[in-house]
Amino acid sequence: MEAYLQDFLNMLLRWLHVIAAIAWIGESIYFVMLDNSLRPPKAAEDQRKGIFGEMWAVHGGGFYHNQKYATSPDKLPNDLHWSFWKAYTTWLSGFALFITLYLANPEFYLIDPSANWAWAANMTGWQANLMALLFLLGGWVIYNELCKRLSPNMERDGMLSLAVAVMMVVVAYLSTQIFAGRAAFLLTGAVMATAMSANVFFWIIPGQRRMVKAMKAGETPDPLDGKRGKQRSVHNTYFTLPVVLLMLSNHYSFMYSHEHAWLIMTLFIFAGALIRQFFVLMHAGSIKPAYPAAGVALILLNVWIAAPSVGNAPAAGDEATLAAASVDGGASLERVHEIIDARCVQCHAQSPEHPGFTAAPAGVAFDSSEQIVNQIAQIKQVVASGYMPLGNMTQMTDEEREVIAAWQAP
């Protein structure tokens with residue numbers, strides 16, 4: 001019952017997180033589209049009012065007329081719309097999920113016993129938790145300092161963008177060297193998501209509040225507040241697609257269990273940013289197909305890098321036929337099945353014995369030889385990389401890993 005209630009809480013938190021993220025990202029993408037789609041007003045009266053641009057749109061059976069002021073309007077309405085709670089709810093619910101799953105089970109999810117760096121492989125649970133929290137905080141601090149120092153007045157945003165890109169390569173590399181693969185991808189996405197929410201909390205909303213306060217007092221708002229808000233909002237829109245992908249990555253072991261996982265992660269981050277750039281420019285009236293083409297090229301490069309070098313599994317058949325499959329050294333399916341029974345089915349079964357699961361994780365079960373053969377490529381990859389069993393809690397030996405890695409079906 002306890003495991004069931006934990007699963008139910010996890011599901012509700014994940015649902016809230018997804019709902020808030022959809023609302024925030026949707027609104028953010030809309031406003032970026034709106035900002036880039038503005039055209040100079042044609043009416044002389046609108047020009048005299050200080051309207052910078054306008055956009056006409058049709059949606060849902062109605063027509064809309066959006067206008068943006070270059071300066072402050074004559075009067076602000078009392079029901080001025082603000083956009084921030086969606087961002088805060090997304091981050092808070094995501095962090096709650098991180099606590100209930102990863103920080104509550106660091107030996108299980110955060111620590112990689114086969115890490116190349118010995119100190120990372122030998123971290124205790126509380127050390128791994130502290131390192132994960134410092135990773136998130138450090139990512140925001142470094143990103144924020146880059147923004148403040150390289151482009152304080154938004155005059156060198158090109159240089160800043162390059163620096164942030166380099167920073168993300170470093171973050172991707174360090175995360176995969178310190179943490180277990182799935183956690184590394186999640187934490188890299190969380191670094192970007194934390195920067196996005198912190199941009200809203202520390203820069204965008206405070207700047208907007210100062211602008212509104214000045215306008216209500218009859219004063220001229222500081223133009224830097226608007227420029228900073230625009231800068232951070234632009235950064236957020238380029239982070240969006242990579243963050244969504246990294247949050248989904250824990251379902252796909254070929255990404256996080258690969259020996260070059262940091263490179264795969266980096267290429268996906270850049271691919272997402274390039275694809276987003278296409279839409280940003282499109283809304284501004286410029287069609288640049290080279291951007292999505294470059295993004296797709298990076299994705300195809302990942303297809304090649306992540307491709308497993310294993311033979312094809314045979315079609316499912318009867319147990320006797322499957323058990324006859326063997327390789328040099330006599331590693332048969334029967335032996336592979338024995339290892340999986342001893343080391344894997346505590347979790348990966350229709351009725352798991354492990355108290356932390358009420359069903360097979362990700363629906364992956366190894367109750368029969370047929371199920372094992374059908375999923376052998378994925379099994380070989382995560383076992384050979386050392387990612388599974390998680391935290392090696394069932395004490396799989398190197399010899400057993402070699403048997404699984406070497407087994408080939410005819």
# chains A, B, ... in the order shown; residues from 1 in each chain; ligands from 1
>>> residues_around(residues="segment 243-257 of chain A", least_positions_apart="6", cutoff="10 Å", atoms="only C-alpha atoms", output="short mmCIF file (atom, residue, chain, number, x, y, z; two decimals) with N, CA and C atoms, in the first residue's frame")
data_model
loop_
_atom_site.label_atom_id
_atom_site.label_comp_id
_atom_site.auth_asym_id
_atom_site.auth_seq_id
_atom_site.Cartn_x
_atom_site.Cartn_y
_atom_site.Cartn_z
N ALA A 21 3.69 23.08 -17.09
CA ALA A 21 4.69 23.29 -18.14
C ALA A 21 4.04 23.60 -19.48
N ILE A 25 4.89 27.07 -21.21
CA ILE A 25 5.58 27.05 -22.49
C ILE A 25 4.67 27.57 -23.60
N GLY A 94 8.20 20.29 -10.44
CA GLY A 94 9.32 19.50 -10.94
C GLY A 94 10.33 19.20 -9.84
N THR A 176 27.29 13.81 -16.89
CA THR A 176 27.43 12.39 -17.24
C THR A 176 28.64 11.76 -16.56
N ALA A 180 24.59 9.11 -12.43
CA ALA A 180 24.08 8.02 -13.28
C ALA A 180 23.41 8.62 -14.51
N GLY A 181 23.42 7.87 -15.62
CA GLY A 181 23.01 8.41 -16.91
C GLY A 181 21.66 9.09 -16.92
N ARG A 182 20.63 8.42 -16.39
CA ARG A 182 19.29 9.01 -16.43
C ARG A 182 19.25 10.29 -15.62
N ALA A 183 19.89 10.29 -14.45
CA ALA A 183 19.93 11.48 -13.61
C ALA A 183 20.71 12.60 -14.29
N ALA A 184 21.77 12.25 -15.03
CA ALA A 184 22.58 13.25 -15.72
C ALA A 184 21.75 14.03 -16.73
N PHE A 185 20.95 13.32 -17.51
CA PHE A 185 20.10 13.99 -18.50
C PHE A 185 19.05 14.86 -17.80
N LEU A 186 18.46 14.31 -16.75
CA LEU A 186 17.44 15.07 -16.02
C LEU A 186 18.04 16.32 -15.39
N LEU A 187 19.21 16.20 -14.78
CA LEU A 187 19.83 17.34 -14.11
C LEU A 187 20.26 18.41 -15.11
N THR A 188 20.73 18.01 -16.26
CA THR A 188 21.08 19.00 -17.28
C THR A 188 19.84 19.76 -17.72
N GLY A 189 18.75 19.04 -17.94
CA GLY A 189 17.49 19.71 -18.25
C GLY A 189 17.03 20.60 -17.11
N ALA A 190 17.25 20.12 -15.87
CA ALA A 190 16.83 20.91 -14.71
C ALA A 190 17.66 22.17 -14.55
N VAL A 191 18.94 22.12 -14.94
CA VAL A 191 19.76 23.35 -14.92
C VAL A 191 19.16 24.40 -15.84
N MET A 192 18.75 23.98 -17.02
CA MET A 192 18.14 24.91 -17.98
C MET A 192 16.78 25.38 -17.49
N ALA A 193 15.99 24.45 -16.95
CA ALA A 193 14.66 24.81 -16.45
C ALA A 193 14.75 25.74 -15.24
N MET A 196 15.44 29.12 -16.51
CA MET A 196 14.23 29.71 -17.09
C MET A 196 13.32 30.29 -16.01
N ASN A 236 14.90 31.95 -22.64
CA ASN A 236 13.94 30.93 -22.24
C ASN A 236 13.34 30.20 -23.43
N LEU A 263 27.80 13.72 -25.43
CA LEU A 263 27.78 14.22 -26.81
C LEU A 263 26.38 14.10 -27.40
N ILE A 264 25.72 12.98 -27.14
CA ILE A 264 24.34 12.80 -27.61
C ILE A 264 23.45 13.88 -27.03
N MET A 265 23.62 14.14 -25.73
CA MET A 265 22.82 15.17 -25.07
C MET A 265 23.09 16.54 -25.68
N PHE A 268 21.49 16.99 -29.11
CA PHE A 268 20.04 17.19 -29.01
C PHE A 268 19.71 18.60 -28.52
N ILE A 269 20.49 19.13 -27.59
CA ILE A 269 20.26 20.50 -27.11
C ILE A 269 20.40 21.50 -28.25
N GLY A 272 17.51 21.17 -30.79
CA GLY A 272 16.29 21.83 -30.32
C GLY A 272 16.36 23.34 -30.48
N ASN A 302 23.09 11.83 -34.25
CA ASN A 302 22.84 11.08 -33.03
C ASN A 302 22.34 9.67 -33.31
N VAL A 303 21.53 9.54 -34.35
CA VAL A 303 21.07 8.20 -34.73
C VAL A 303 22.27 7.30 -35.00
N ILE A 305 25.49 7.81 -33.94
CA ILE A 305 26.33 7.65 -32.75
C ILE A 305 25.73 6.63 -31.79
N ALA A 306 24.41 6.72 -31.57
CA ALA A 306 23.76 5.90 -30.54
C ALA A 306 23.38 4.51 -31.03
N ALA A 307 23.57 4.21 -32.32
CA ALA A 307 23.14 2.92 -32.86
C ALA A 307 23.90 1.79 -32.17
N PRO A 308 23.18 0.77 -31.66
CA PRO A 308 23.85 -0.35 -30.98
C PRO A 308 24.56 -1.25 -31.98
N PRO A 361 8.82 -1.39 -14.05
CA PRO A 361 9.24 -0.04 -14.46
C PRO A 361 9.18 0.12 -15.97
N ALA A 362 8.52 1.20 -16.40
CA ALA A 362 8.36 1.50 -17.83
C ALA A 362 7.66 0.37 -18.58
N ALA A 377 18.48 -6.17 -27.21
CA ALA A 377 19.36 -5.05 -27.57
C ALA A 377 19.40 -4.01 -26.45
N GLN A 378 18.23 -3.68 -25.90
CA GLN A 378 18.17 -2.71 -24.81
C GLN A 378 18.81 -3.27 -23.54
N ILE A 379 18.58 -4.57 -23.28
CA ILE A 379 19.17 -5.19 -22.08
C ILE A 379 20.69 -5.14 -22.16
N GLN A 381 22.59 -3.17 -23.78
CA GLN A 381 23.13 -1.80 -23.70
C GLN A 381 23.19 -1.30 -22.26
N VAL A 382 22.08 -1.42 -21.52
CA VAL A 382 22.05 -0.86 -20.17
C VAL A 382 22.86 -1.70 -19.19
N VAL A 383 22.98 -3.01 -19.45
CA VAL A 383 23.76 -3.87 -18.56
C VAL A 383 25.26 -3.69 -18.81
N ALA A 384 25.65 -3.66 -20.09
CA ALA A 384 27.07 -3.50 -20.42
C ALA A 384 27.59 -2.15 -19.96
N SER A 385 26.74 -1.11 -20.01
CA SER A 385 27.17 0.22 -19.59
C SER A 385 27.26 0.35 -18.08
N GLY A 386 26.68 -0.61 -17.35
CA GLY A 386 26.68 -0.55 -15.89
C GLY A 386 25.53 0.23 -15.32
N TYR A 387 24.64 0.75 -16.20
CA TYR A 387 23.54 1.55 -15.69
C TYR A 387 22.51 0.70 -14.95
N MET A 388 22.30 -0.51 -15.43
CA MET A 388 21.38 -1.44 -14.78
C MET A 388 22.15 -2.64 -14.24
#
>>> residues_around(residues="segment 131-137 of chain A", least_positions_apart="4", cutoff="9 Å", atoms="only C-alpha atoms", output="compact mmCIF listing (two decimals) with C-alpha atoms, in the first residue's frame")
# COMPACT_ATOMS: atom_id res chain seq x y z
CA LEU A 103 16.78 12.68 -3.69
CA LEU A 110 21.91 9.39 -8.65
CA TRP A 126 23.80 12.47 1.19
CA GLN A 127 26.89 13.45 -0.81
CA VAL A 141 24.76 31.23 -10.76
CA ILE A 142 27.19 30.73 -13.66
CA VAL A 171 27.21 20.97 -18.02
CA SER A 175 26.65 15.64 -15.42
CA ILE A 178 29.30 12.65 -11.93
CA PHE A 179 25.82 11.13 -11.96
CA LEU A 187 19.83 17.34 -14.11
CA THR A 188 21.08 19.00 -17.28
CA ALA A 190 16.83 20.91 -14.71
CA VAL A 191 19.76 23.35 -14.92
CA MET A 192 18.14 24.91 -17.98
CA THR A 194 15.95 26.40 -13.24
CA ALA A 195 17.53 29.19 -15.27
>>> closest_residue(among="A:Gln208, A:Gln67, A:Thr100, A:Asn374", to="Leu224 of chain A", atoms="only C-alpha atoms")
A:Gln208
>>> residues_around(residues="Asn153 of chain A", least_positions_apart="2", cutoff="10 Å", atoms="only C-alpha atoms", output="MDAnalysis selection string")
chainID A and resid 147:151 155:157 224:225 227:228 231
>>> closest_residue(among="A:Val280, A:Ala271, A:Ile111, A:Leu76", to="Pro292 of chain A", atoms="only C-alpha atoms")
A:Ala271
>>> closest_residue(among="A:Tyr69, A:Phe239, A:Tyr173, A:Tyr30", to="Glu54 of chain A", atoms="only C-alpha atoms")
A:Tyr69
>>> atom_distance(atom1="atom CA of Val200 of chain A", atom2="atom CA of Leu92 of chain A")
13.4 Å
>>> residues_around(residues="Ser72 of chain A", least_positions_apart="3", cutoff="9 Å", atoms="only C-alpha atoms", output="list in words")
Gly50, Tyr69, Lys75, Leu76, Met211, Val212, Met215, Thr220 and Pro221 of chain A
>>> write_last_selection(atoms="N, CA and C atoms", output="mmCIF file, in the first residue's frame")
data_model
loop_
_atom_site.group_PDB
_atom_site.id
_atom_site.type_symbol
_atom_site.label_atom_id
_atom_site.label_comp_id
_atom_site.auth_asym_id
_atom_site.auth_seq_id
_atom_site.Cartn_x
_atom_site.Cartn_y
_atom_site.Cartn_z
ATOM 1 N N GLY A 50 2.025 56.292 -29.588
ATOM 2 C CA GLY A 50 3.261 55.618 -29.227
ATOM 3 C C GLY A 50 3.208 54.107 -29.397
ATOM 4 N N TYR A 69 3.080 48.917 -27.086
ATOM 5 C CA TYR A 69 3.507 50.300 -26.938
ATOM 6 C C TYR A 69 5.024 50.385 -26.842
ATOM 7 N N LYS A 75 -2.735 55.221 -19.918
ATOM 8 C CA LYS A 75 -3.336 54.707 -18.687
ATOM 9 C C LYS A 75 -3.254 53.190 -18.670
ATOM 10 N N LEU A 76 -2.917 52.668 -17.503
ATOM 11 C CA LEU A 76 -2.880 51.228 -17.340
ATOM 12 C C LEU A 76 -4.185 50.735 -16.721
ATOM 13 N N MET A 211 8.631 48.827 -13.919
ATOM 14 C CA MET A 211 8.069 49.595 -15.027
ATOM 15 C C MET A 211 6.651 50.052 -14.722
ATOM 16 N N VAL A 212 5.821 49.160 -14.195
ATOM 17 C CA VAL A 212 4.437 49.502 -13.866
ATOM 18 C C VAL A 212 4.403 50.560 -12.763
ATOM 19 N N MET A 215 5.293 53.927 -14.203
ATOM 20 C CA MET A 215 4.222 54.460 -15.047
ATOM 21 C C MET A 215 3.071 54.992 -14.210
ATOM 22 N N THR A 220 9.060 57.994 -16.226
ATOM 23 C CA THR A 220 9.466 57.221 -17.397
ATOM 24 C C THR A 220 10.157 55.939 -16.938
ATOM 25 N N PRO A 221 9.677 54.771 -17.350
ATOM 26 C CA PRO A 221 10.316 53.510 -16.938
ATOM 27 C C PRO A 221 11.748 53.419 -17.443
#
>>> residues_around(residues="segment 396-402 of chain A", least_positions_apart="2", cutoff="7 Å", atoms="only C-alpha atoms", output="short mmCIF file (atom, residue, chain, number, x, y, z; two decimals) with C-alpha atoms, in the first residue's frame")
data_model
loop_
_atom_site.label_atom_id
_atom_site.label_comp_id
_atom_site.auth_asym_id
_atom_site.auth_seq_id
_atom_site.Cartn_x
_atom_site.Cartn_y
_atom_site.Cartn_z
CA ILE A 339 21.27 -14.06 -14.64
CA ARG A 343 19.52 -9.77 -10.87
CA VAL A 383 23.76 -3.87 -18.56
CA ALA A 384 27.07 -3.50 -20.42
CA ASN A 392 23.82 -2.38 -8.79
CA THR A 394 21.36 -6.84 -6.86
CA ILE A 404 24.86 -10.74 -21.38
CA ALA A 405 26.97 -8.38 -23.49
CA ALA A 406 28.44 -11.27 -25.49
#
>>> select_by_dssp(residues="segment 41-185 of chain A", states="alpha helix (DSSP H)", output="tab-separated table (two decimals) with N, CA and C atoms, in the first residue's frame")
chain	number	residue	atom	x	y	z
A	44	ALA	N	-2.57	56.78	-38.27
A	44	ALA	CA	-1.80	57.90	-37.73
A	44	ALA	C	-2.08	58.10	-36.25
A	45	GLU	N	-3.31	57.86	-35.85
A	45	GLU	CA	-3.66	58.02	-34.43
A	45	GLU	C	-2.89	57.04	-33.55
A	46	ASP	N	-2.76	55.81	-34.01
A	46	ASP	CA	-2.00	54.82	-33.25
A	46	ASP	C	-0.53	55.21	-33.15
A	47	GLN	N	0.01	55.79	-34.22
A	47	GLN	CA	1.40	56.22	-34.20
A	47	GLN	C	1.60	57.34	-33.18
A	48	ARG	N	0.61	58.24	-33.10
A	48	ARG	CA	0.71	59.33	-32.13
A	48	ARG	C	0.63	58.82	-30.70
A	85	TRP	N	2.94	32.72	-12.49
A	85	TRP	CA	2.63	31.56	-11.66
A	85	TRP	C	2.80	30.24	-12.39
A	86	LYS	N	2.60	30.26	-13.68
A	86	LYS	CA	2.79	29.02	-14.45
A	86	LYS	C	4.26	28.60	-14.39
A	87	ALA	N	5.16	29.58	-14.50
A	87	ALA	CA	6.59	29.28	-14.43
A	87	ALA	C	6.97	28.76	-13.06
A	88	TYR	N	6.47	29.41	-12.00
A	88	TYR	CA	6.81	28.99	-10.64
A	88	TYR	C	6.25	27.61	-10.34
A	89	THR	N	5.01	27.36	-10.78
A	89	THR	CA	4.38	26.06	-10.52
A	89	THR	C	5.12	24.94	-11.24
A	90	THR	N	5.57	25.22	-12.46
A	90	THR	CA	6.33	24.21	-13.21
A	90	THR	C	7.59	23.83	-12.46
A	91	TRP	N	8.34	24.83	-11.99
A	91	TRP	CA	9.60	24.53	-11.31
A	91	TRP	C	9.35	23.86	-9.95
A	92	LEU	N	8.40	24.36	-9.18
A	92	LEU	CA	8.14	23.80	-7.85
A	92	LEU	C	7.65	22.35	-7.94
A	93	SER	N	6.76	22.07	-8.87
A	93	SER	CA	6.27	20.69	-9.01
A	93	SER	C	7.37	19.78	-9.53
A	94	GLY	N	8.20	20.29	-10.44
A	94	GLY	CA	9.32	19.50	-10.94
A	94	GLY	C	10.33	19.20	-9.84
A	95	PHE	N	10.60	20.19	-9.00
A	95	PHE	CA	11.55	19.97	-7.90
A	95	PHE	C	10.97	19.00	-6.88
A	96	ALA	N	9.66	19.07	-6.66
A	96	ALA	CA	9.01	18.11	-5.75
A	96	ALA	C	9.15	16.69	-6.29
A	97	LEU	N	9.00	16.52	-7.61
A	97	LEU	CA	9.21	15.21	-8.22
A	97	LEU	C	10.65	14.75	-8.04
A	98	PHE	N	11.58	15.66	-8.21
A	98	PHE	CA	13.00	15.33	-8.06
A	98	PHE	C	13.30	14.87	-6.64
A	106	PRO	N	18.93	8.28	-3.58
A	106	PRO	CA	20.15	8.65	-4.31
A	106	PRO	C	21.00	7.46	-4.72
A	107	GLU	N	21.09	6.43	-3.85
A	107	GLU	CA	21.89	5.25	-4.21
A	107	GLU	C	21.30	4.54	-5.42
A	108	PHE	N	20.01	4.68	-5.59
A	108	PHE	CA	19.26	4.01	-6.64
A	108	PHE	C	19.33	4.77	-7.96
A	109	TYR	N	19.22	6.10	-7.88
A	109	TYR	CA	19.04	6.91	-9.08
A	109	TYR	C	20.19	7.87	-9.40
A	118	ALA	N	36.54	8.21	-9.62
A	118	ALA	CA	36.37	7.34	-8.46
A	118	ALA	C	35.55	8.01	-7.36
A	119	TRP	N	35.78	9.31	-7.13
A	119	TRP	CA	35.05	9.98	-6.05
A	119	TRP	C	33.56	10.03	-6.35
A	120	ALA	N	33.19	10.13	-7.64
A	120	ALA	CA	31.78	10.13	-8.00
A	120	ALA	C	31.17	8.75	-7.81
A	121	ALA	N	31.92	7.71	-8.16
A	121	ALA	CA	31.42	6.34	-8.00
A	121	ALA	C	31.25	5.97	-6.54
A	125	GLY	N	24.93	8.54	-0.17
A	125	GLY	CA	23.64	9.09	-0.57
A	125	GLY	C	23.54	10.59	-0.33
A	126	TRP	N	23.94	11.04	0.89
A	126	TRP	CA	23.80	12.47	1.19
A	126	TRP	C	24.78	13.30	0.36
A	127	GLN	N	25.94	12.74	0.03
A	127	GLN	CA	26.89	13.45	-0.81
A	127	GLN	C	26.33	13.62	-2.22
A	128	ALA	N	25.71	12.58	-2.74
A	128	ALA	CA	25.11	12.67	-4.07
A	128	ALA	C	23.98	13.69	-4.09
A	129	ASN	N	23.16	13.71	-3.03
A	129	ASN	CA	22.08	14.69	-2.96
A	129	ASN	C	22.63	16.10	-2.93
A	130	LEU	N	23.66	16.31	-2.10
A	130	LEU	CA	24.26	17.65	-2.00
A	130	LEU	C	24.87	18.05	-3.34
A	131	MET	N	25.54	17.12	-4.00
A	131	MET	CA	26.14	17.42	-5.30
A	131	MET	C	25.07	17.79	-6.32
A	132	ALA	N	23.95	17.09	-6.31
A	132	ALA	CA	22.86	17.40	-7.25
A	132	ALA	C	22.31	18.80	-7.01
A	133	LEU	N	22.10	19.16	-5.74
A	133	LEU	CA	21.58	20.49	-5.42
A	133	LEU	C	22.59	21.58	-5.80
A	134	LEU	N	23.86	21.33	-5.53
A	134	LEU	CA	24.90	22.30	-5.90
A	134	LEU	C	25.00	22.43	-7.42
A	135	PHE	N	24.75	21.33	-8.12
A	135	PHE	CA	24.78	21.35	-9.58
A	135	PHE	C	23.71	22.29	-10.12
A	136	LEU	N	22.50	22.19	-9.56
A	136	LEU	CA	21.41	23.08	-9.98
A	136	LEU	C	21.72	24.53	-9.65
A	137	LEU	N	22.15	24.77	-8.41
A	137	LEU	CA	22.44	26.13	-7.99
A	137	LEU	C	23.61	26.71	-8.78
A	138	GLY	N	24.66	25.92	-8.96
A	138	GLY	CA	25.83	26.39	-9.69
A	138	GLY	C	25.50	26.73	-11.13
A	139	GLY	N	24.64	25.93	-11.75
A	139	GLY	CA	24.25	26.20	-13.13
A	139	GLY	C	23.60	27.56	-13.27
A	140	TRP	N	22.68	27.88	-12.35
A	140	TRP	CA	22.00	29.18	-12.39
A	140	TRP	C	22.98	30.32	-12.13
A	141	VAL	N	23.83	30.16	-11.12
A	141	VAL	CA	24.76	31.23	-10.76
A	141	VAL	C	25.69	31.54	-11.93
A	142	ILE	N	26.26	30.51	-12.55
A	142	ILE	CA	27.19	30.73	-13.66
A	142	ILE	C	26.47	31.36	-14.86
A	143	TYR	N	25.30	30.84	-15.20
A	143	TYR	CA	24.53	31.41	-16.30
A	143	TYR	C	24.20	32.88	-16.03
A	144	ASN	N	23.74	33.18	-14.82
A	144	ASN	CA	23.36	34.54	-14.48
A	144	ASN	C	24.56	35.49	-14.53
A	145	GLU	N	25.71	35.02	-14.06
A	145	GLU	CA	26.92	35.84	-14.10
A	145	GLU	C	27.36	36.09	-15.55
A	146	LEU	N	27.22	35.09	-16.39
A	146	LEU	CA	27.54	35.29	-17.81
A	146	LEU	C	26.69	36.39	-18.41
A	147	CYS	N	25.40	36.37	-18.10
A	147	CYS	CA	24.49	37.39	-18.62
A	147	CYS	C	24.88	38.78	-18.12
A	148	LYS	N	25.18	38.88	-16.83
A	148	LYS	CA	25.48	40.18	-16.24
A	148	LYS	C	26.81	40.74	-16.71
A	149	ARG	N	27.79	39.88	-16.91
A	149	ARG	CA	29.14	40.35	-17.22
A	149	ARG	C	29.40	40.50	-18.72
A	150	LEU	N	28.85	39.58	-19.52
A	150	LEU	CA	29.14	39.63	-20.94
A	150	LEU	C	28.22	40.58	-21.71
A	157	ASP	N	24.80	40.41	-27.07
A	157	ASP	CA	24.02	39.17	-26.88
A	157	ASP	C	24.55	38.02	-27.72
A	158	GLY	N	25.20	38.31	-28.86
A	158	GLY	CA	25.78	37.25	-29.67
A	158	GLY	C	26.89	36.52	-28.93
A	159	MET	N	27.78	37.29	-28.29
A	159	MET	CA	28.85	36.71	-27.51
A	159	MET	C	28.29	35.93	-26.32
A	160	LEU	N	27.24	36.49	-25.70
A	160	LEU	CA	26.61	35.82	-24.57
A	160	LEU	C	26.00	34.49	-25.01
A	161	SER	N	25.35	34.45	-26.15
A	161	SER	CA	24.74	33.21	-26.64
A	161	SER	C	25.80	32.14	-26.85
A	162	LEU	N	26.94	32.52	-27.39
A	162	LEU	CA	28.03	31.57	-27.59
A	162	LEU	C	28.54	31.04	-26.26
A	163	ALA	N	28.67	31.94	-25.27
A	163	ALA	CA	29.15	31.52	-23.95
A	163	ALA	C	28.17	30.56	-23.29
A	164	VAL	N	26.87	30.83	-23.42
A	164	VAL	CA	25.86	29.95	-22.83
A	164	VAL	C	25.89	28.58	-23.52
A	165	ALA	N	26.13	28.56	-24.83
A	165	ALA	CA	26.22	27.29	-25.56
A	165	ALA	C	27.41	26.48	-25.04
A	166	VAL	N	28.55	27.14	-24.85
A	166	VAL	CA	29.72	26.44	-24.31
A	166	VAL	C	29.43	25.93	-22.91
A	167	MET	N	28.76	26.75	-22.11
A	167	MET	CA	28.40	26.35	-20.75
A	167	MET	C	27.56	25.07	-20.76
A	168	MET	N	26.61	24.96	-21.69
A	168	MET	CA	25.76	23.78	-21.73
A	168	MET	C	26.54	22.53	-22.15
A	169	VAL	N	27.55	22.69	-22.99
A	169	VAL	CA	28.40	21.55	-23.34
A	169	VAL	C	29.12	21.06	-22.08
A	170	VAL	N	29.65	22.00	-21.30
A	170	VAL	CA	30.36	21.65	-20.06
A	170	VAL	C	29.40	21.00	-19.07
A	171	VAL	N	28.20	21.54	-18.93
A	171	VAL	CA	27.21	20.97	-18.02
A	171	VAL	C	26.86	19.54	-18.43
A	172	ALA	N	26.66	19.33	-19.73
A	172	ALA	CA	26.32	17.99	-20.22
A	172	ALA	C	27.45	17.01	-19.92
A	173	TYR	N	28.69	17.44	-20.15
A	173	TYR	CA	29.83	16.55	-19.90
A	173	TYR	C	29.96	16.24	-18.41
A	174	LEU	N	29.93	17.26	-17.56
A	174	LEU	CA	30.12	17.05	-16.13
A	174	LEU	C	29.00	16.19	-15.54
A	175	SER	N	27.77	16.41	-15.97
A	175	SER	CA	26.65	15.64	-15.42
A	175	SER	C	26.81	14.16	-15.69
A	176	THR	N	27.29	13.81	-16.89
A	176	THR	CA	27.43	12.39	-17.24
A	176	THR	C	28.64	11.76	-16.56
A	177	GLN	N	29.59	12.56	-16.10
A	177	GLN	CA	30.76	12.03	-15.40
A	177	GLN	C	30.48	11.86	-13.90
A	178	ILE	N	29.55	12.64	-13.37
A	178	ILE	CA	29.30	12.65	-11.93
A	178	ILE	C	28.12	11.77	-11.54
A	181	GLY	N	23.42	7.87	-15.62
A	181	GLY	CA	23.01	8.41	-16.91
A	181	GLY	C	21.66	9.09	-16.92
A	182	ARG	N	20.63	8.42	-16.39
A	182	ARG	CA	19.29	9.01	-16.43
A	182	ARG	C	19.25	10.29	-15.62
A	183	ALA	N	19.89	10.29	-14.45
A	183	ALA	CA	19.93	11.48	-13.61
A	183	ALA	C	20.71	12.60	-14.29
A	184	ALA	N	21.77	12.25	-15.03
A	184	ALA	CA	22.58	13.25	-15.72
A	184	ALA	C	21.75	14.03	-16.73
A	185	PHE	N	20.95	13.32	-17.51
A	185	PHE	CA	20.10	13.99	-18.50
A	185	PHE	C	19.05	14.86	-17.80
>>> residues_around(residues="Pro206 of chain A", least_positions_apart="2", cutoff="12 Å", atoms="only C-alpha atoms", output="short mmCIF file (atom, residue, chain, number, x, y, z; two decimals) with N, CA and C atoms, in the first residue's frame")
data_model
loop_
_atom_site.label_atom_id
_atom_site.label_comp_id
_atom_site.auth_asym_id
_atom_site.auth_seq_id
_atom_site.Cartn_x
_atom_site.Cartn_y
_atom_site.Cartn_z
N TRP A 82 -0.62 39.35 -15.78
CA TRP A 82 0.75 39.01 -15.46
C TRP A 82 0.98 37.53 -15.75
N SER A 83 2.21 37.20 -16.14
CA SER A 83 2.54 35.81 -16.44
C SER A 83 3.72 35.38 -15.59
N PHE A 84 3.43 34.66 -14.50
CA PHE A 84 4.54 34.15 -13.70
C PHE A 84 4.19 32.89 -12.92
N ALA A 198 14.15 31.01 -12.88
CA ALA A 198 14.85 32.07 -12.17
C ALA A 198 14.87 33.36 -12.98
N ASN A 199 14.95 33.24 -14.30
CA ASN A 199 14.86 34.44 -15.15
C ASN A 199 13.55 35.18 -14.90
N VAL A 200 12.48 34.40 -14.80
CA VAL A 200 11.17 35.00 -14.54
C VAL A 200 11.14 35.64 -13.15
N PHE A 201 11.63 34.88 -12.16
CA PHE A 201 11.52 35.32 -10.76
C PHE A 201 12.43 36.50 -10.42
N PHE A 202 13.68 36.46 -10.91
CA PHE A 202 14.67 37.46 -10.51
C PHE A 202 14.79 38.65 -11.47
N TRP A 203 14.37 38.46 -12.72
CA TRP A 203 14.61 39.52 -13.69
C TRP A 203 13.35 40.00 -14.41
N ILE A 204 12.61 39.08 -15.01
CA ILE A 204 11.50 39.51 -15.85
C ILE A 204 10.39 40.18 -15.03
N GLN A 208 9.34 44.17 -14.71
CA GLN A 208 8.00 44.60 -15.10
C GLN A 208 7.31 45.35 -13.96
N ARG A 209 7.52 44.92 -12.73
CA ARG A 209 6.92 45.62 -11.60
C ARG A 209 7.48 47.04 -11.46
N ARG A 210 8.79 47.19 -11.68
CA ARG A 210 9.37 48.53 -11.62
C ARG A 210 8.82 49.42 -12.73
N MET A 211 8.63 48.83 -13.92
CA MET A 211 8.07 49.60 -15.03
C MET A 211 6.65 50.05 -14.72
N VAL A 212 5.82 49.16 -14.20
CA VAL A 212 4.44 49.50 -13.87
C VAL A 212 4.40 50.56 -12.76
N LYS A 213 5.26 50.40 -11.75
CA LYS A 213 5.30 51.37 -10.65
C LYS A 213 5.68 52.76 -11.15
N ASP A 225 15.10 47.77 -18.01
CA ASP A 225 14.22 46.73 -17.47
C ASP A 225 13.52 45.97 -18.59
N GLY A 226 13.05 46.71 -19.58
CA GLY A 226 12.40 46.07 -20.71
C GLY A 226 13.37 45.25 -21.54
N ARG A 228 16.24 43.89 -20.49
CA ARG A 228 16.66 42.69 -19.75
C ARG A 228 15.58 41.62 -19.79
N GLY A 229 14.34 42.06 -19.60
CA GLY A 229 13.23 41.11 -19.66
C GLY A 229 13.16 40.43 -21.01
#
